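Novice: Please find work_1.pdb (PDB, C-alpha atoms and all ligand atoms) on the next line:
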ATOM      1  CA  MET A 138      29.815 -17.755  59.495
ATOM      2  CA  LYS A 139      27.435 -20.281  61.062
ATOM      3  CA  SER A 140      30.303 -21.962  62.862
ATOM      4  CA  MET A 141      31.749 -18.670  64.009
ATOM      5  CA  LYS A 142      31.246 -17.729  67.639
ATOM      6  CA  LYS A 143      29.902 -14.254  68.133
ATOM      7  CA  GLU A 144      28.411 -12.170  70.908
ATOM      8  CA  VAL A 145      25.969  -9.282  70.765
ATOM      9  CA  LEU A 146      27.817  -6.021  71.273
ATOM     10  CA  PHE A 147      24.974  -3.591  70.535
ATOM     11  CA  SER A 148      21.343  -4.716  70.332
ATOM     12  CA  LYS A 149      18.966  -3.193  67.795
ATOM     13  CA  GLU A 150      17.210  -1.329  70.630
ATOM     14  CA  VAL A 151      20.478   0.246  71.820
ATOM     15  CA  ILE A 152      21.398   1.092  68.233
ATOM     16  CA  SER A 153      18.095   2.814  67.471
ATOM     17  CA  GLY A 154      18.290   4.881  70.672
ATOM     18  CA  ARG A 155      21.793   6.046  69.807
ATOM     19  CA  ILE A 156      20.808   6.884  66.243
ATOM     20  CA  ARG A 157      17.933   9.067  67.412
ATOM     21  CA  SER A 158      20.351  11.120  69.575
ATOM     22  CA  LEU A 159      22.863  11.374  66.725
ATOM     23  CA  ALA A 160      20.135  12.510  64.328
ATOM     24  CA  ASP A 161      18.926  15.118  66.847
ATOM     25  CA  GLU A 162      22.472  16.454  67.218
ATOM     26  CA  ILE A 163      23.001  16.616  63.443
ATOM     27  CA  SER A 164      19.592  18.246  62.895
ATOM     28  CA  ARG A 165      20.402  20.925  65.483
ATOM     29  CA  ASP A 166      23.811  21.607  63.914
ATOM     30  CA  TYR A 167      22.328  22.068  60.436
ATOM     31  CA  ALA A 168      19.019  23.645  61.504
ATOM     32  CA  GLY A 169      17.433  25.584  58.656
ATOM     33  CA  GLY A 170      19.763  24.031  56.109
ATOM     34  CA  GLU A 171      19.833  21.095  53.772
ATOM     35  CA  LEU A 172      22.354  18.296  53.668
ATOM     36  CA  ILE A 173      23.872  16.071  51.046
ATOM     37  CA  VAL A 174      24.404  12.772  52.822
ATOM     38  CA  ILE A 175      26.965  10.502  51.184
ATOM     39  CA  GLY A 176      26.931   6.869  52.262
ATOM     40  CA  VAL A 177      30.019   4.739  51.824
ATOM     41  CA  LEU A 178      29.074   1.414  50.247
ATOM     42  CA  LYS A 179      28.431  -1.181  51.197
ATOM     43  CA  GLY A 180      28.736  -1.151  54.964
ATOM     44  CA  ALA A 181      26.938   2.129  55.702
ATOM     45  CA  PHE A 182      23.675   1.430  53.882
ATOM     46  CA  ILE A 183      21.626   0.315  56.896
ATOM     47  CA  PHE A 184      23.037   2.936  59.274
ATOM     48  CA  MET A 185      22.463   5.658  56.692
ATOM     49  CA  ALA A 186      18.883   4.525  56.016
ATOM     50  CA  ASP A 187      18.046   4.684  59.726
ATOM     51  CA  LEU A 188      19.944   7.919  60.358
ATOM     52  CA  ILE A 189      18.346   9.968  57.577
ATOM     53  CA  ARG A 190      14.860   8.837  58.590
ATOM     54  CA  SER A 191      15.483  10.289  62.052
ATOM     55  CA  LEU A 192      16.772  13.648  60.763
ATOM     56  CA  GLN A 193      14.531  16.656  61.171
ATOM     57  CA  ILE A 194      16.034  18.494  58.197
ATOM     58  CA  PRO A 195      15.781  17.718  54.470
ATOM     59  CA  CYS A 196      18.595  15.856  52.769
ATOM     60  CA  MET A 197      19.641  14.463  49.423
ATOM     61  CA  VAL A 198      21.457  11.162  49.312
ATOM     62  CA  ASP A 199      24.258   9.741  47.261
ATOM     63  CA  PHE A 200      26.723   6.881  47.554
ATOM     64  CA  ALA A 201      30.424   6.319  46.990
ATOM     65  CA  GLN A 202      32.264   3.033  46.934
ATOM     66  CA  LEU A 203      35.945   2.798  47.620
ATOM     67  CA  ALA A 204      38.402   0.056  46.879
ATOM     68  CA  SER A 205      41.195  -0.679  49.273
ATOM     69  CA  TYR A 206      43.927  -2.739  47.722
ATOM     70  CA  GLY A 207      45.700  -4.957  50.161
ATOM     71  CA  SER A 208      44.956  -7.776  52.537
ATOM     72  CA  GLY A 209      41.293  -8.710  53.064
ATOM     73  CA  SER A 210      39.587  -6.900  55.911
ATOM     74  CA  VAL A 211      42.469  -4.598  56.816
ATOM     75  CA  SER A 212      42.914  -1.581  54.623
ATOM     76  CA  SER A 213      46.266  -0.878  53.057
ATOM     77  CA  GLY A 214      47.247   2.678  52.245
ATOM     78  CA  ASN A 215      46.081   2.271  48.662
ATOM     79  CA  VAL A 216      42.533   3.541  48.513
ATOM     80  CA  ALA A 217      40.794   4.466  45.269
ATOM     81  CA  ILE A 218      37.292   5.444  44.174
ATOM     82  CA  LYS A 219      35.417   2.484  42.704
ATOM     83  CA  LYS A 220      32.060   4.273  42.358
ATOM     84  CA  ASP A 221      31.957   8.050  42.505
ATOM     85  CA  ILE A 222      29.036  10.162  43.714
ATOM     86  CA  GLY A 223      26.755  11.601  41.052
ATOM     87  CA  LEU A 224      25.661  14.827  42.772
ATOM     88  CA  PRO A 225      27.659  18.059  42.506
ATOM     89  CA  ILE A 226      28.688  19.142  46.008
ATOM     90  CA  ALA A 227      30.318  22.555  45.410
ATOM     91  CA  GLY A 228      28.869  25.074  47.868
ATOM     92  CA  LYS A 229      26.811  22.416  49.688
ATOM     93  CA  ASP A 230      26.824  21.079  53.233
ATOM     94  CA  VAL A 231      28.008  17.498  52.956
ATOM     95  CA  LEU A 232      27.906  14.712  55.516
ATOM     96  CA  ILE A 233      29.781  11.479  54.827
ATOM     97  CA  VAL A 234      28.227   8.477  56.553
ATOM     98  CA  GLU A 235      30.452   5.447  57.135
ATOM     99  CA  ASP A 236      29.999   2.175  59.014
ATOM    100  CA  ILE A 237      33.312   2.055  60.863
ATOM    101  CA  VAL A 238      36.632   3.873  61.083
ATOM    102  CA  ASP A 239      39.584   1.665  61.832
ATOM    103  CA  THR A 240      43.020   2.730  60.545
ATOM    104  CA  GLY A 241      41.503   5.972  59.238
ATOM    105  CA  LEU A 242      42.983   5.466  55.773
ATOM    106  CA  THR A 243      39.671   5.105  53.920
ATOM    107  CA  LEU A 244      37.989   8.173  55.391
ATOM    108  CA  SER A 245      41.104  10.346  55.185
ATOM    109  CA  PHE A 246      41.241   9.581  51.487
ATOM    110  CA  LEU A 247      37.531  10.266  50.916
ATOM    111  CA  VAL A 248      37.575  13.528  52.892
ATOM    112  CA  LYS A 249      40.610  14.740  50.967
ATOM    113  CA  THR A 250      39.031  13.783  47.628
ATOM    114  CA  LEU A 251      35.671  15.454  48.340
ATOM    115  CA  LYS A 252      37.256  18.608  49.808
ATOM    116  CA  GLU A 253      38.859  19.216  46.434
ATOM    117  CA  ARG A 254      35.317  19.699  45.062
ATOM    118  CA  SER A 255      34.759  22.759  47.296
ATOM    119  CA  PRO A 256      31.746  21.829  49.424
ATOM    120  CA  ARG A 257      30.595  24.599  51.781
ATOM    121  CA  SER A 258      31.201  22.222  54.686
ATOM    122  CA  LEU A 259      32.236  18.594  54.971
ATOM    123  CA  LYS A 260      31.710  16.476  58.067
ATOM    124  CA  VAL A 261      31.849  12.769  58.824
ATOM    125  CA  CYS A 262      29.450  10.613  60.810
ATOM    126  CA  VAL A 263      30.627   7.103  61.682
ATOM    127  CA  PHE A 264      28.558   4.392  63.285
ATOM    128  CA  LEU A 265      31.539   2.760  65.016
ATOM    129  CA  ASP A 266      35.030   4.008  65.849
ATOM    130  CA  LYS A 267      37.992   1.766  66.667
ATOM    131  CA  LYS A 268      39.956   4.735  67.963
ATOM    132  CA  MET A 269      42.964   2.741  69.120
ATOM    133  CA  ARG A 270      43.797   1.362  65.671
ATOM    134  CA  ARG A 271      44.543   4.523  63.729
ATOM    135  CA  LYS A 272      47.454   4.525  61.287
ATOM    136  CA  VAL A 273      46.690   8.102  60.261
ATOM    137  CA  PRO A 274      45.081  10.786  62.426
ATOM    138  CA  PHE A 275      41.356  10.968  61.855
ATOM    139  CA  THR A 276      38.555  12.326  64.038
ATOM    140  CA  ALA A 277      34.908  11.904  63.081
ATOM    141  CA  ASP A 278      32.508  14.770  63.754
ATOM    142  CA  TYR A 279      29.749  12.402  64.908
ATOM    143  CA  THR A 280      30.296   8.914  66.347
ATOM    144  CA  GLY A 281      27.707   6.290  67.220
ATOM    145  CA  PHE A 282      29.864   4.142  69.488
ATOM    146  CA  THR A 283      33.578   3.896  70.252
ATOM    147  CA  ILE A 284      34.708   0.267  70.437
ATOM    148  CA  ASP A 285      37.834  -1.677  71.329
ATOM    149  CA  ASP A 286      39.812  -3.742  68.899
ATOM    150  CA  GLY A 287      37.976  -6.838  67.642
ATOM    151  CA  PHE A 288      36.058  -7.668  64.479
ATOM    152  CA  VAL A 289      32.399  -6.689  64.387
ATOM    153  CA  VAL A 290      29.592  -7.752  62.048
ATOM    154  CA  GLY A 291      25.907  -7.059  61.518
ATOM    155  CA  TYR A 292      23.868  -3.897  60.901
ATOM    156  CA  GLY A 293      25.553  -3.510  57.504
ATOM    157  CA  LEU A 294      29.024  -4.633  58.553
ATOM    158  CA  ASP A 295      30.306  -7.808  56.963
ATOM    159  CA  PHE A 296      32.839 -10.575  57.276
ATOM    160  CA  ASN A 297      33.592 -11.752  53.729
ATOM    161  CA  GLU A 298      30.224 -10.332  52.604
ATOM    162  CA  GLN A 299      28.324 -12.280  55.236
ATOM    163  CA  ALA A 300      26.277 -11.082  58.196
ATOM    164  CA  ARG A 301      25.370  -7.607  56.908
ATOM    165  CA  PHE A 302      21.658  -8.413  57.308
ATOM    166  CA  LEU A 303      21.802  -9.041  61.065
ATOM    167  CA  PRO A 304      19.827  -6.364  62.976
ATOM    168  CA  ASP A 305      22.234  -6.314  65.949
ATOM    169  CA  VAL A 306      25.997  -5.743  66.024
ATOM    170  CA  TYR A 307      28.113  -8.701  67.062
ATOM    171  CA  VAL A 308      31.759  -9.087  67.942
ATOM    172  CA  ILE A 309      33.393 -12.196  66.567
ATOM    173  CA  LYS A 310      34.941 -14.402  69.195
ATOM    174  CA  GLU A 311      38.273 -16.182  68.483
TER     175      GLU A 311
HETATM  176  P1  LIG B 401      40.000   1.954  57.620
HETATM  177  O1  LIG B 401      40.482   2.533  56.335
HETATM  178  O2  LIG B 401      41.004   1.009  58.229
HETATM  179  O3  LIG B 401      39.523   2.981  58.619
HETATM  180  O4  LIG B 401      38.857   0.993  57.179
HETATM  181  C1  LIG B 401      37.543   1.075  57.394
HETATM  182  C2  LIG B 401      36.893  -0.063  56.627
HETATM  183  O5  LIG B 401      37.422  -1.333  57.067
HETATM  184  C3  LIG B 401      35.429  -0.099  56.933
HETATM  185  O6  LIG B 401      34.678   0.632  56.025
HETATM  186  C4  LIG B 401      35.122  -1.580  56.873
HETATM  187  O7  LIG B 401      34.803  -1.954  55.558
HETATM  188  C5  LIG B 401      36.393  -2.269  57.249
HETATM  189  N1  LIG B 401      36.398  -2.718  58.671
HETATM  190  C6  LIG B 401      37.276  -2.347  59.646
HETATM  191  N2  LIG B 401      37.003  -2.955  60.800
HETATM  192  C7  LIG B 401      35.909  -3.724  60.575
HETATM  193  C8  LIG B 401      35.130  -4.600  61.402
HETATM  194  O8  LIG B 401      35.374  -4.802  62.606
HETATM  195  N3  LIG B 401      34.061  -5.206  60.800
HETATM  196  C9  LIG B 401      33.731  -5.026  59.495
HETATM  197  N4  LIG B 401      34.447  -4.225  58.693
HETATM  198  C10 LIG B 401      35.523  -3.575  59.216
END
Mind converting the file's structure to structure tokens?

Specialist:
Amino acid sequence: MKSMKKEVLFSKEVISGRIRSLADEISRDYAGGELIVIGVLKGAFIFMADLIRSLQIPCMVDFAQLASYGSGSVSSGNVAIKKDIGLPIAGKDVLIVEDIVDTGLTLSFLVKTLKERSPRSLKVCVFLDKKMRRKVPFTADYTGFTIDDGFVVGYGLDFNEQARFLPDVYVIKE
């Protein structure tokens, strides 16, 4: 990682401004209600922590972890639940929070799986969206930033488990 060239794509100041607007939008949409926010481990933990602290409505939190079997950083079609949520979601308003949507395979699988548990509503908030790389159709309800192709790290996102701790988002060069 140290030897890897990288450039800041979104600074922590830009990120926190965007998160405040996202949280305002979500709070307006669910005004008067209560949310179950489900973070997808590990990448979403920092985004989720910042997002929920900017919400103006109460929420409960839970986490899911998915396993994607295939080659390294690119998801194959084979997604499975590695760690399930613990909260019952039937009849509840549920918001999935994810770090990044790329091919769309991971989130399509999670949405399908959680819908089977009959939540009252189910929406998805992604920090980053690589819209051009979809293998399956997937549209998030709330998006932090849309980005081009390229591998990004920091603010929870990793490269081989490194760089999650960085406060800014970087794009890896070459
Ligand atoms: P999808 O199923 O292809 O949409 O995969 C999304 C998952 O791939 C994310 O949760 C990340 O773990 C990983 N991923 C995709 N692109 C990047 C990236 O640029 N940086 C870090 N992780 C990424």

Novice: Evaluate the PyMOL selection byres (((chain A and resi 193-199) around 9) and not hetatm) on the structure here and hand back the selected residues as a list of chain:residue names.

Specialist: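 Applied to this file, the PyMOL selection byres (((chain A and resi 193-199) around 9) and not hetatm) selects A:Ala160, A:Asp161, A:Ile163, A:Ser164, A:Arg165, A:Tyr167, A:Ala168, A:Gly169, A:Gly170, A:Glu171, A:Leu172, A:Ile173, A:Val174, A:Ile175, A:Gly176, A:Val177, A:Ile189, A:Arg190, A:Ser191, A:Leu192, A:Phe200, A:Ala201, A:Ile222, A:Gly223, A:Leu224.
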
Novice: Where does the PyMOL selection byres (((not hetatm)) within 6 of (chain B and resi 401)) land in this file, that is, which residues does it pick, as a PyMOL selection string?

Specialist: chain A and resi 210-212+236-243+288-290+294-295

Novice: Run the PyMOL selection byres (((chain A and resi 180) around 6) and not hetatm) mentally over the shown coordinates, then write out the matched residues as a list in words, using the chain letters and numbers from the document.

Specialist: Leu178, Lys179, Ala181, Phe182, Asp236, Gly293 and Leu294 of chain A

Novice: For range 274-276 of chain A, find every residue with an atom within 12 Å (counting only C-alpha atoms), except residues of its own chain fewer than 4 positions away, and show them as a PDB file with C-alpha atoms, in the frame of the given file.

Specialist:
ATOM      1  CA  ILE A 237      33.312   2.055  60.863  1.00  0.00           C
ATOM      2  CA  VAL A 238      36.632   3.873  61.083  1.00  0.00           C
ATOM      3  CA  ASP A 239      39.584   1.665  61.832  1.00  0.00           C
ATOM      4  CA  THR A 240      43.020   2.730  60.545  1.00  0.00           C
ATOM      5  CA  GLY A 241      41.503   5.972  59.238  1.00  0.00           C
ATOM      6  CA  LEU A 242      42.983   5.466  55.773  1.00  0.00           C
ATOM      7  CA  THR A 243      39.671   5.105  53.920  1.00  0.00           C
ATOM      8  CA  LEU A 244      37.989   8.173  55.391  1.00  0.00           C
ATOM      9  CA  SER A 245      41.104  10.346  55.185  1.00  0.00           C
ATOM     10  CA  PHE A 246      41.241   9.581  51.487  1.00  0.00           C
ATOM     11  CA  LEU A 247      37.531  10.266  50.916  1.00  0.00           C
ATOM     12  CA  VAL A 248      37.575  13.528  52.892  1.00  0.00           C
ATOM     13  CA  LYS A 249      40.610  14.740  50.967  1.00  0.00           C
ATOM     14  CA  LYS A 260      31.710  16.476  58.067  1.00  0.00           C
ATOM     15  CA  VAL A 261      31.849  12.769  58.824  1.00  0.00           C
ATOM     16  CA  CYS A 262      29.450  10.613  60.810  1.00  0.00           C
ATOM     17  CA  VAL A 263      30.627   7.103  61.682  1.00  0.00           C
ATOM     18  CA  LEU A 265      31.539   2.760  65.016  1.00  0.00           C
ATOM     19  CA  ASP A 266      35.030   4.008  65.849  1.00  0.00           C
ATOM     20  CA  LYS A 267      37.992   1.766  66.667  1.00  0.00           C
ATOM     21  CA  LYS A 268      39.956   4.735  67.963  1.00  0.00           C
ATOM     22  CA  MET A 269      42.964   2.741  69.120  1.00  0.00           C
ATOM     23  CA  ARG A 270      43.797   1.362  65.671  1.00  0.00           C
ATOM     24  CA  THR A 280      30.296   8.914  66.347  1.00  0.00           C
ATOM     25  CA  THR A 283      33.578   3.896  70.252  1.00  0.00           C
TER      26      THR A 283
END

Novice: Could you tell me which of A:Glu150, A:Asp305, A:Asp166, A:Glu235 comes closest to Ala277 in chain A if we count all atoms listed in the file?

Specialist: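 Among the listed residues, A:Glu235 lies closest to Ala277 in chain A.
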
Novice: Can you tell me how far CA of Leu251 in chain A sits from CA of Met185 in chain A, in Å to one decimal?

Specialist: 18.4 Å

Novice: May I ask which of the residues A:Ala217, A:Leu146, A:Met141, A:Val151 is the closest one to Gly287 in chain A, counting only C-alpha atoms?

Specialist: A:Leu146

Novice: Save range 244-300 of chain A to disk from that block, C-alpha atoms included, as a CSV table (one decimal), in the first residue's frame.

Specialist:
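Full text of selection-v7.csv as output:
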chain,number,residue,atom,x,y,z
A,244,LEU,CA,-26.7,-5.5,-3.3
A,245,SER,CA,-29.2,-7.2,-5.6
A,246,PHE,CA,-28.7,-10.4,-3.6
A,247,LEU,CA,-29.1,-8.6,-0.2
A,248,VAL,CA,-32.2,-6.7,-1.3
A,249,LYS,CA,-33.8,-9.9,-2.6
A,250,THR,CA,-32.9,-11.8,0.6
A,251,LEU,CA,-34.2,-9.1,3.0
A,252,LYS,CA,-37.4,-8.5,0.9
A,253,GLU,CA,-38.3,-12.1,1.6
A,254,ARG,CA,-38.6,-11.1,5.3
A,255,SER,CA,-41.5,-8.7,4.6
A,256,PRO,CA,-40.1,-5.3,5.7
A,257,ARG,CA,-42.7,-2.4,5.4
A,258,SER,CA,-40.2,-0.7,3.1
A,259,LEU,CA,-36.6,-1.4,2.0
A,260,LYS,CA,-34.3,1.2,0.5
A,261,VAL,CA,-30.6,1.3,-0.2
A,262,CYS,CA,-28.1,4.1,0.5
A,263,VAL,CA,-24.7,3.8,-1.1
A,264,PHE,CA,-21.7,6.0,-0.4
A,265,LEU,CA,-20.2,5.5,-3.9
A,266,ASP,CA,-21.7,4.3,-7.2
A,267,LYS,CA,-19.7,3.0,-10.1
A,268,LYS,CA,-22.7,3.2,-12.4
A,269,MET,CA,-20.9,2.2,-15.6
A,270,ARG,CA,-19.9,-1.2,-14.3
A,271,ARG,CA,-23.2,-2.9,-13.6
A,272,LYS,CA,-23.6,-6.6,-14.5
A,273,VAL,CA,-27.1,-6.6,-13.2
A,274,PRO,CA,-29.5,-3.6,-13.1
A,275,PHE,CA,-29.4,-1.9,-9.7
A,276,THR,CA,-30.4,1.6,-8.7
A,277,ALA,CA,-29.7,2.9,-5.2
A,278,ASP,CA,-32.3,5.1,-3.5
A,279,TYR,CA,-29.7,7.4,-2.1
A,280,THR,CA,-26.1,7.9,-3.5
A,281,GLY,CA,-23.3,9.9,-2.0
A,282,PHE,CA,-21.2,10.2,-5.1
A,283,THR,CA,-21.2,8.7,-8.6
A,284,ILE,CA,-17.7,7.8,-9.7
A,285,ASP,CA,-16.0,6.5,-12.9
A,286,ASP,CA,-14.2,3.2,-13.1
A,287,GLY,CA,-11.1,2.9,-11.0
A,288,PHE,CA,-10.3,1.4,-7.6
A,289,VAL,CA,-10.9,3.6,-4.6
A,290,VAL,CA,-9.8,3.2,-1.0
A,291,GLY,CA,-10.2,5.0,2.4
A,292,TYR,CA,-13.2,6.0,4.5
A,293,GLY,CA,-13.9,2.3,5.1
A,294,LEU,CA,-13.0,1.0,1.7
A,295,ASP,CA,-10.1,-1.3,1.4
A,296,PHE,CA,-7.5,-2.8,-0.9
A,297,ASN,CA,-6.6,-6.2,0.5
A,298,GLU,CA,-7.8,-5.1,4.0
A,299,GLN,CA,-5.6,-2.0,3.9
A,300,ALA,CA,-6.4,1.7,3.9
